[in-house]
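J.: Below is a structure I'd like to ask you about.
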Amino acid sequence: MRRKISLKPITLLLLLVTFVSFGKEQEGHGEQKVDKEAERKAYIQHHLKDTYDFGLFSYTTDEGEHKHVGFPLPVILWDDGLKVFSSSKFHHGETVAEVDGNFYKQYHGKIYKVDGLNGEIVLDDHHHATNEKPLDFSITKNVTMIIVVFLIMFFMFSRMAKAYKKNNGMPKGMGRLLEPIVLYIRDDIARPNIGEKHYKKYMSYLLTVFFFVWIINLFGLTPLGVNVTNNIAVTFCLAIITYLITTFSGKKDYWKHIFWMPGVPVPMKIILAPIELLGTIIKPFSLMIRLYANITAGHIVLMSLIAMMFTFQNWIGSPLSFLLAFVLGILELLVAALQAYIFTMLSALYFGAAVEEHDHHEAH
């Protein structure tokens, strides 16, 4: 009879080695470790934030000088007139920019007006800047990526249309790649949820929002540090477009079932009408929060796992963190497509509810 070998002593030994090595590192480099942790947290926050320049990567020279590799973007401000200048004047937020006798400084991803080249940001008791803030219309990194994705989508669908035209309606090249996705959105999302009669007029928006969210999410998984959909202003704009289309598409039956539900006693109609009206606002709000929260949470967890590799610095913790980050990175590829699908599906559901024609002879 074979003896079963217990792995518990081996596991305990490995945990003890890890604990001892980690403890020695903490004892010998306590202050240095705190500084590194603060630096990693700052790096994660910087990765998630929008910036006024497009940074590809950065490194520190042997002399301790921090180098940034990337390119500046145009800063467009309205401050008693139009002010246009390059973001390179900020030197990655380290200096004050002088433009036409006015001085501007970056603070927490925003631009404030200061007094002179040595001007400082004045904070209140709650650590909020009290300096004057000009109207900001700058082309930031997120705006740049939105323009890039627009050009990619324009190229993809233009090539697809040309391929259909040249081959008498047969897909070729880009058409073969995109046709299954387009047909899926038409046959499995638009038709069942909106109806055969009305789905065609919503196809342009559904295709646009699906490919936009999907492609922009994929860019967010690259080392470029582009996270457009974790900016709540972007998800708000997408949600408000869905809300406006739903509202202006709403037929008489749609509004009747909101303000004066058939088959319901009059007192209940008066009580339920404000709730139903509030529901029309909550629906796009849920679209905004769902996309924003899922993408932001995924990026924070992924960046935290990558940072753990440098925190452990031993032969167990670092490979384990790398493995978890690798698996989560693959999962994020699925989440990128899933969030685009969910946003498109729910938008189609809202459109379908707005244009649905109810039977007026239904029993009460």
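By convention in this document, the chains of the structure tokens carry letters A, B, ... by their order, each chain's residues are numbered from 1, and ligands are numbered from 1 in the order they are shown.
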I need the alpha helix (DSSP H) residues of stretch 105-243 of chain A per DSSP on the backbone, written as a count of residues only.

T.: 71

J.: Find the spatial neighbours of A:Gly329, counting only C-alpha atoms, within a cut-off of 10 Å - ignore same-chain residues fewer than 3 positions away - and output them as number ranges by chain.

T.: A: 221, 298-299, 302, 323-326, 332-335

J.: Could you state the separation of atom CA of A:Glu120 and atom CA of A:Phe137 in Å, given to one decimal place?

T.: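 Atom CA of A:Phe137 lies 22.8 Å from atom CA of A:Glu120.
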
J.: Pick the closest to A:Ser138 from A:Gln339, A:Asn118, A:Ser87, A:Asn168: which is it, counting only C-alpha atoms?

T.: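 Closest to A:Ser138 of all the choices is A:Ser87.
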
J.: Please determine, counting only C-alpha atoms, which residue among A:Pro262, A:Gly195, A:Gly225, A:Gly279 has the shortest atom-to-atom distance to A:Asp53.

T.: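 Using only C-alpha atoms, A:Asp53 sits closest to A:Gly225.
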
J.: Might you pull out every residue within 12 Å of A:Leu338, with only C-alpha atoms counted and same-chain residues fewer than 4 positions away left off, and present them as a PDB file with N, CA and C atoms, in the first residue's frame?

T.:
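Output saved as around_8.pdb:
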```pdb
ATOM      1  N   PHE A 210     -20.784  50.254 -30.310  1.00  0.00           N
ATOM      2  CA  PHE A 210     -20.152  48.967 -30.017  1.00  0.00           C
ATOM      3  C   PHE A 210     -18.670  48.982 -30.384  1.00  0.00           C
ATOM      4  N   PHE A 211     -18.364  49.384 -31.608  1.00  0.00           N
ATOM      5  CA  PHE A 211     -16.967  49.359 -32.046  1.00  0.00           C
ATOM      6  C   PHE A 211     -16.144  50.419 -31.321  1.00  0.00           C
ATOM      7  N   VAL A 213     -16.555  51.575 -28.146  1.00  0.00           N
ATOM      8  CA  VAL A 213     -16.250  51.109 -26.786  1.00  0.00           C
ATOM      9  C   VAL A 213     -15.277  49.933 -26.829  1.00  0.00           C
ATOM     10  N   TRP A 214     -15.467  49.036 -27.766  1.00  0.00           N
ATOM     11  CA  TRP A 214     -14.594  47.855 -27.852  1.00  0.00           C
ATOM     12  C   TRP A 214     -13.156  48.256 -28.186  1.00  0.00           C
ATOM     13  N   ILE A 215     -12.969  49.056 -29.224  1.00  0.00           N
ATOM     14  CA  ILE A 215     -11.618  49.430 -29.643  1.00  0.00           C
ATOM     15  C   ILE A 215     -10.936  50.289 -28.585  1.00  0.00           C
ATOM     16  N   ASN A 217     -11.475  50.279 -25.397  1.00  0.00           N
ATOM     17  CA  ASN A 217     -11.115  49.410 -24.270  1.00  0.00           C
ATOM     18  C   ASN A 217      -9.870  48.592 -24.563  1.00  0.00           C
ATOM     19  N   LEU A 218      -9.723  48.143 -25.805  1.00  0.00           N
ATOM     20  CA  LEU A 218      -8.518  47.387 -26.176  1.00  0.00           C
ATOM     21  C   LEU A 218      -7.273  48.266 -26.094  1.00  0.00           C
ATOM     22  N   ARG A 290     -21.892  51.631 -14.984  1.00  0.00           N
ATOM     23  CA  ARG A 290     -21.449  50.257 -15.249  1.00  0.00           C
ATOM     24  C   ARG A 290     -20.168  50.245 -16.084  1.00  0.00           C
ATOM     25  N   LEU A 291     -20.152  51.003 -17.166  1.00  0.00           N
ATOM     26  CA  LEU A 291     -18.966  51.028 -18.029  1.00  0.00           C
ATOM     27  C   LEU A 291     -17.775  51.644 -17.308  1.00  0.00           C
ATOM     28  N   ASN A 294     -16.514  49.255 -14.180  1.00  0.00           N
ATOM     29  CA  ASN A 294     -15.876  47.993 -14.574  1.00  0.00           C
ATOM     30  C   ASN A 294     -14.496  48.219 -15.177  1.00  0.00           C
ATOM     31  N   ILE A 295     -14.372  49.211 -16.032  1.00  0.00           N
ATOM     32  CA  ILE A 295     -13.079  49.470 -16.666  1.00  0.00           C
ATOM     33  C   ILE A 295     -12.089  50.017 -15.645  1.00  0.00           C
ATOM     34  N   LEU A 331      -8.298  38.076 -19.045  1.00  0.00           N
ATOM     35  CA  LEU A 331      -9.693  38.288 -18.683  1.00  0.00           C
ATOM     36  C   LEU A 331     -10.164  39.676 -19.094  1.00  0.00           C
ATOM     37  N   GLU A 332      -9.282  40.661 -19.015  1.00  0.00           N
ATOM     38  CA  GLU A 332      -9.647  42.027 -19.398  1.00  0.00           C
ATOM     39  C   GLU A 332      -9.943  42.125 -20.895  1.00  0.00           C
ATOM     40  N   LEU A 333      -9.330  41.260 -21.707  1.00  0.00           N
ATOM     41  CA  LEU A 333      -9.665  41.226 -23.133  1.00  0.00           C
ATOM     42  C   LEU A 333     -11.129  40.844 -23.326  1.00  0.00           C
ATOM     43  N   LEU A 334     -11.588  39.894 -22.514  1.00  0.00           N
ATOM     44  CA  LEU A 334     -12.996  39.508 -22.569  1.00  0.00           C
ATOM     45  C   LEU A 334     -13.885  40.633 -22.050  1.00  0.00           C
ATOM     46  N   ILE A 342     -22.649  44.826 -23.661  1.00  0.00           N
ATOM     47  CA  ILE A 342     -23.675  45.191 -22.687  1.00  0.00           C
ATOM     48  C   ILE A 342     -24.226  46.588 -22.979  1.00  0.00           C
ATOM     49  N   PHE A 343     -23.330  47.537 -23.269  1.00  0.00           N
ATOM     50  CA  PHE A 343     -23.777  48.901 -23.558  1.00  0.00           C
ATOM     51  C   PHE A 343     -24.667  48.910 -24.794  1.00  0.00           C
ATOM     52  N   THR A 344     -24.290  48.167 -25.819  1.00  0.00           N
ATOM     53  CA  THR A 344     -25.071  48.125 -27.058  1.00  0.00           C
ATOM     54  C   THR A 344     -26.410  47.428 -26.842  1.00  0.00           C
ATOM     55  N   MET A 345     -26.385  46.320 -26.107  1.00  0.00           N
ATOM     56  CA  MET A 345     -27.611  45.565 -25.844  1.00  0.00           C
ATOM     57  C   MET A 345     -28.627  46.389 -25.055  1.00  0.00           C
TER      58      MET A 345
END
```

J.: Quick check, in Å to one decimal: how far apart do atom CA of A:Gly250 and atom CA of A:Glu276 lie?

T.: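 Computed distance, atom CA of A:Gly250 to atom CA of A:Glu276, equals 14.0 Å.
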
J.: Counting only C-alpha atoms, which of A:Leu56, A:Ala239, A:Ile111, A:Ala297 gets nearest to A:Gly93?

T.: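 For A:Gly93, the nearest of the candidates is A:Ile111.
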
J.: Using only C-alpha atoms, find the one residue out of A:Val84, A:Met145, A:Ile185, A:Ala293 that sits nearest to A:Ala97.

T.: A:Val84

J.: What parts of stretch 103-242 of chain A does DSSP call strand (DSSP E or B)? I'd like the answer as an mmCIF file with all heavy atoms, in the first residue's frame.

T.:
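This went into out.cif:
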```cif
data_model
loop_
_atom_site.group_PDB
_atom_site.id
_atom_site.type_symbol
_atom_site.label_atom_id
_atom_site.label_comp_id
_atom_site.auth_asym_id
_atom_site.auth_seq_id
_atom_site.Cartn_x
_atom_site.Cartn_y
_atom_site.Cartn_z
ATOM 1 N N PHE A 103 0.155 83.481 -16.516
ATOM 2 C CA PHE A 103 0.940 82.355 -16.025
ATOM 3 C C PHE A 103 -0.009 81.244 -15.581
ATOM 4 O O PHE A 103 -0.981 81.491 -14.852
ATOM 5 C CB PHE A 103 1.827 82.794 -14.849
ATOM 6 C CG PHE A 103 2.767 83.906 -15.199
ATOM 7 C CD1 PHE A 103 2.395 85.236 -15.032
ATOM 8 C CD2 PHE A 103 4.025 83.630 -15.715
ATOM 9 C CE1 PHE A 103 3.261 86.258 -15.356
ATOM 10 C CE2 PHE A 103 4.895 84.650 -16.042
ATOM 11 C CZ PHE A 103 4.515 85.966 -15.866
ATOM 12 N N TYR A 104 0.299 80.013 -16.027
ATOM 13 C CA TYR A 104 -0.556 78.867 -15.759
ATOM 14 C C TYR A 104 0.274 77.712 -15.190
ATOM 15 O O TYR A 104 1.430 77.513 -15.573
ATOM 16 C CB TYR A 104 -1.268 78.409 -17.033
ATOM 17 C CG TYR A 104 -2.053 79.502 -17.710
ATOM 18 C CD1 TYR A 104 -1.529 80.189 -18.805
ATOM 19 C CD2 TYR A 104 -3.312 79.870 -17.241
ATOM 20 C CE1 TYR A 104 -2.240 81.202 -19.416
ATOM 21 C CE2 TYR A 104 -4.037 80.883 -17.861
ATOM 22 C CZ TYR A 104 -3.493 81.542 -18.937
ATOM 23 O OH TYR A 104 -4.197 82.554 -19.542
ATOM 24 N N LYS A 105 -0.370 76.958 -14.298
ATOM 25 C CA LYS A 105 0.310 75.838 -13.662
ATOM 26 C C LYS A 105 -0.641 74.651 -13.549
ATOM 27 O O LYS A 105 -1.842 74.820 -13.312
ATOM 28 C CB LYS A 105 0.805 76.236 -12.264
ATOM 29 C CG LYS A 105 1.683 75.178 -11.591
ATOM 30 C CD LYS A 105 2.265 75.698 -10.285
ATOM 31 C CE LYS A 105 3.210 74.667 -9.669
ATOM 32 N NZ LYS A 105 3.829 75.173 -8.404
ATOM 33 N N GLN A 106 -0.086 73.443 -13.715
ATOM 34 C CA GLN A 106 -0.867 72.227 -13.581
ATOM 35 C C GLN A 106 -0.930 71.800 -12.117
ATOM 36 O O GLN A 106 0.058 71.887 -11.397
ATOM 37 C CB GLN A 106 -0.249 71.087 -14.391
ATOM 38 C CG GLN A 106 -0.428 71.211 -15.890
ATOM 39 C CD GLN A 106 -0.008 69.951 -16.604
ATOM 40 O OE1 GLN A 106 -0.438 68.860 -16.252
ATOM 41 N NE2 GLN A 106 0.854 70.098 -17.592
ATOM 42 N N TYR A 107 -2.106 71.323 -11.713
ATOM 43 C CA TYR A 107 -2.269 70.781 -10.367
ATOM 44 C C TYR A 107 -3.351 69.716 -10.402
ATOM 45 O O TYR A 107 -4.497 70.000 -10.719
ATOM 46 C CB TYR A 107 -2.650 71.893 -9.378
ATOM 47 C CG TYR A 107 -2.834 71.405 -7.957
ATOM 48 C CD1 TYR A 107 -1.742 71.054 -7.176
ATOM 49 C CD2 TYR A 107 -4.110 71.290 -7.410
ATOM 50 C CE1 TYR A 107 -1.913 70.603 -5.881
ATOM 51 C CE2 TYR A 107 -4.288 70.838 -6.106
ATOM 52 C CZ TYR A 107 -3.183 70.498 -5.349
ATOM 53 O OH TYR A 107 -3.346 70.036 -4.056
ATOM 54 N N LYS A 110 -5.334 69.487 -13.680
ATOM 55 C CA LYS A 110 -6.075 70.658 -14.125
ATOM 56 C C LYS A 110 -5.134 71.859 -14.196
ATOM 57 O O LYS A 110 -4.066 71.857 -13.580
ATOM 58 C CB LYS A 110 -7.238 70.952 -13.175
ATOM 59 C CG LYS A 110 -8.283 69.839 -13.149
ATOM 60 C CD LYS A 110 -9.424 70.180 -12.202
ATOM 61 C CE LYS A 110 -10.462 69.062 -12.179
ATOM 62 N NZ LYS A 110 -11.568 69.352 -11.233
ATOM 63 N N ILE A 111 -5.549 72.868 -14.954
ATOM 64 C CA ILE A 111 -4.721 74.054 -15.160
ATOM 65 C C ILE A 111 -5.321 75.224 -14.390
ATOM 66 O O ILE A 111 -6.523 75.505 -14.502
ATOM 67 C CB ILE A 111 -4.605 74.395 -16.658
ATOM 68 C CG1 ILE A 111 -3.899 73.253 -17.409
ATOM 69 C CG2 ILE A 111 -3.867 75.701 -16.863
ATOM 70 C CD1 ILE A 111 -3.810 73.457 -18.902
ATOM 71 N N TYR A 112 -4.463 75.887 -13.606
ATOM 72 C CA TYR A 112 -4.883 77.043 -12.810
ATOM 73 C C TYR A 112 -3.999 78.240 -13.146
ATOM 74 O O TYR A 112 -2.861 78.089 -13.575
ATOM 75 C CB TYR A 112 -4.790 76.742 -11.311
ATOM 76 C CG TYR A 112 -5.728 75.656 -10.841
ATOM 77 C CD1 TYR A 112 -5.330 74.318 -10.829
ATOM 78 C CD2 TYR A 112 -7.007 75.966 -10.402
ATOM 79 C CE1 TYR A 112 -6.186 73.316 -10.396
ATOM 80 C CE2 TYR A 112 -7.876 74.979 -9.962
ATOM 81 C CZ TYR A 112 -7.451 73.661 -9.953
ATOM 82 O OH TYR A 112 -8.312 72.675 -9.525
ATOM 83 N N LYS A 113 -4.551 79.415 -12.905
ATOM 84 C CA LYS A 113 -3.819 80.656 -13.130
ATOM 85 C C LYS A 113 -3.055 81.024 -11.864
ATOM 86 O O LYS A 113 -3.591 80.942 -10.753
ATOM 87 C CB LYS A 113 -4.810 81.765 -13.498
ATOM 88 C CG LYS A 113 -4.193 82.950 -14.201
ATOM 89 C CD LYS A 113 -5.289 83.880 -14.708
ATOM 90 C CE LYS A 113 -4.698 85.058 -15.454
ATOM 91 N NZ LYS A 113 -5.756 85.953 -15.971
ATOM 92 N N VAL A 114 -1.775 81.405 -12.008
ATOM 93 C CA VAL A 114 -0.942 81.781 -10.865
ATOM 94 C C VAL A 114 -0.331 83.155 -11.126
ATOM 95 O O VAL A 114 -0.397 83.692 -12.232
ATOM 96 C CB VAL A 114 0.168 80.733 -10.610
ATOM 97 C CG1 VAL A 114 -0.433 79.401 -10.206
ATOM 98 C CG2 VAL A 114 1.048 80.571 -11.841
ATOM 99 N N LEU A 123 -4.276 76.625 -1.541
ATOM 100 C CA LEU A 123 -5.242 75.607 -1.137
ATOM 101 C C LEU A 123 -6.070 76.091 0.041
ATOM 102 O O LEU A 123 -5.576 76.828 0.900
ATOM 103 C CB LEU A 123 -4.524 74.305 -0.764
ATOM 104 C CG LEU A 123 -3.597 73.700 -1.820
ATOM 105 C CD1 LEU A 123 -2.926 72.447 -1.275
ATOM 106 C CD2 LEU A 123 -4.357 73.377 -3.096
ATOM 107 N N ALA A 129 -7.873 73.739 -4.622
ATOM 108 C CA ALA A 129 -7.226 74.928 -5.183
ATOM 109 C C ALA A 129 -8.222 76.078 -5.263
ATOM 110 O O ALA A 129 -9.366 75.903 -5.713
ATOM 111 C CB ALA A 129 -6.655 74.610 -6.555
ATOM 112 N N LEU A 135 -11.336 78.448 -18.718
ATOM 113 C CA LEU A 135 -12.057 77.421 -19.472
ATOM 114 C C LEU A 135 -11.061 76.608 -20.294
ATOM 115 O O LEU A 135 -10.222 77.162 -21.008
ATOM 116 C CB LEU A 135 -13.102 78.063 -20.385
ATOM 117 C CG LEU A 135 -14.302 78.706 -19.689
ATOM 118 C CD1 LEU A 135 -15.196 79.384 -20.715
ATOM 119 C CD2 LEU A 135 -15.096 77.682 -18.897
ATOM 120 N N ASP A 136 -11.166 75.298 -20.190
ATOM 121 C CA ASP A 136 -10.166 74.413 -20.775
ATOM 122 C C ASP A 136 -10.774 73.615 -21.921
ATOM 123 O O ASP A 136 -11.705 72.827 -21.728
ATOM 124 C CB ASP A 136 -9.637 73.462 -19.699
ATOM 125 C CG ASP A 136 -8.369 72.738 -20.127
ATOM 126 O OD1 ASP A 136 -8.027 72.809 -21.321
ATOM 127 O OD2 ASP A 136 -7.723 72.110 -19.270
#
```

J.: For a quick check of understanding, using only C-alpha atoms, which of A:Tyr164, A:Phe90, A:Trp255, A:Phe351 has the smallest distance to A:Lys201?

T.: A:Phe351

J.: Using only C-alpha atoms, which protein or nucleic acid residues come within 8 Å of A:Lys141? Drop anything in the same chain fewer than 2 positions from it, and give the result as a list in words.

T.: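 Neighbouring residues, sequence-local ones excluded: Asp50, Thr51, Tyr52, Asp53, Phe54, Leu73, Ile139, Val143, Thr144, Met145 and Val226 of chain A.
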
J.: Atoms to include: N, CA and C atoms. Write the selected residues as a PDB file, in the first residue's frame.

T.:
```
ATOM      1  N   ASP A  50      -6.090  61.390 -17.119  1.00  0.00           N
ATOM      2  CA  ASP A  50      -5.859  62.041 -18.405  1.00  0.00           C
ATOM      3  C   ASP A  50      -4.710  63.036 -18.255  1.00  0.00           C
ATOM      4  N   THR A  51      -3.952  63.254 -19.329  1.00  0.00           N
ATOM      5  CA  THR A  51      -2.790  64.150 -19.274  1.00  0.00           C
ATOM      6  C   THR A  51      -2.797  65.091 -20.466  1.00  0.00           C
ATOM      7  N   TYR A  52      -1.987  66.159 -20.341  1.00  0.00           N
ATOM      8  CA  TYR A  52      -1.898  67.166 -21.403  1.00  0.00           C
ATOM      9  C   TYR A  52      -0.794  66.853 -22.411  1.00  0.00           C
ATOM     10  N   ASP A  53      -0.046  65.775 -22.179  1.00  0.00           N
ATOM     11  CA  ASP A  53       0.926  65.310 -23.161  1.00  0.00           C
ATOM     12  C   ASP A  53       0.759  63.806 -23.324  1.00  0.00           C
ATOM     13  N   PHE A  54       1.250  63.288 -24.437  1.00  0.00           N
ATOM     14  CA  PHE A  54       1.100  61.865 -24.735  1.00  0.00           C
ATOM     15  C   PHE A  54       2.416  61.169 -24.395  1.00  0.00           C
ATOM     16  N   LEU A  73       0.990  67.968 -26.581  1.00  0.00           N
ATOM     17  CA  LEU A  73      -0.308  68.172 -27.214  1.00  0.00           C
ATOM     18  C   LEU A  73      -0.714  69.643 -27.072  1.00  0.00           C
ATOM     19  N   ILE A 139      -6.623  69.649 -26.173  1.00  0.00           N
ATOM     20  CA  ILE A 139      -6.586  68.321 -26.795  1.00  0.00           C
ATOM     21  C   ILE A 139      -5.721  67.439 -25.898  1.00  0.00           C
ATOM     22  N   VAL A 143      -8.619  62.781 -25.516  1.00  0.00           N
ATOM     23  CA  VAL A 143      -9.216  63.354 -26.724  1.00  0.00           C
ATOM     24  C   VAL A 143      -8.453  62.876 -27.959  1.00  0.00           C
ATOM     25  N   THR A 144      -7.136  62.822 -27.850  1.00  0.00           N
ATOM     26  CA  THR A 144      -6.315  62.335 -28.967  1.00  0.00           C
ATOM     27  C   THR A 144      -6.695  60.910 -29.344  1.00  0.00           C
ATOM     28  N   MET A 145      -6.891  60.048 -28.317  1.00  0.00           N
ATOM     29  CA  MET A 145      -7.235  58.655 -28.598  1.00  0.00           C
ATOM     30  C   MET A 145      -8.641  58.531 -29.169  1.00  0.00           C
ATOM     31  N   VAL A 226      -3.603  54.508 -21.987  1.00  0.00           N
ATOM     32  CA  VAL A 226      -4.776  55.229 -22.480  1.00  0.00           C
ATOM     33  C   VAL A 226      -6.017  54.592 -21.862  1.00  0.00           C
TER      34      VAL A 226
END
```
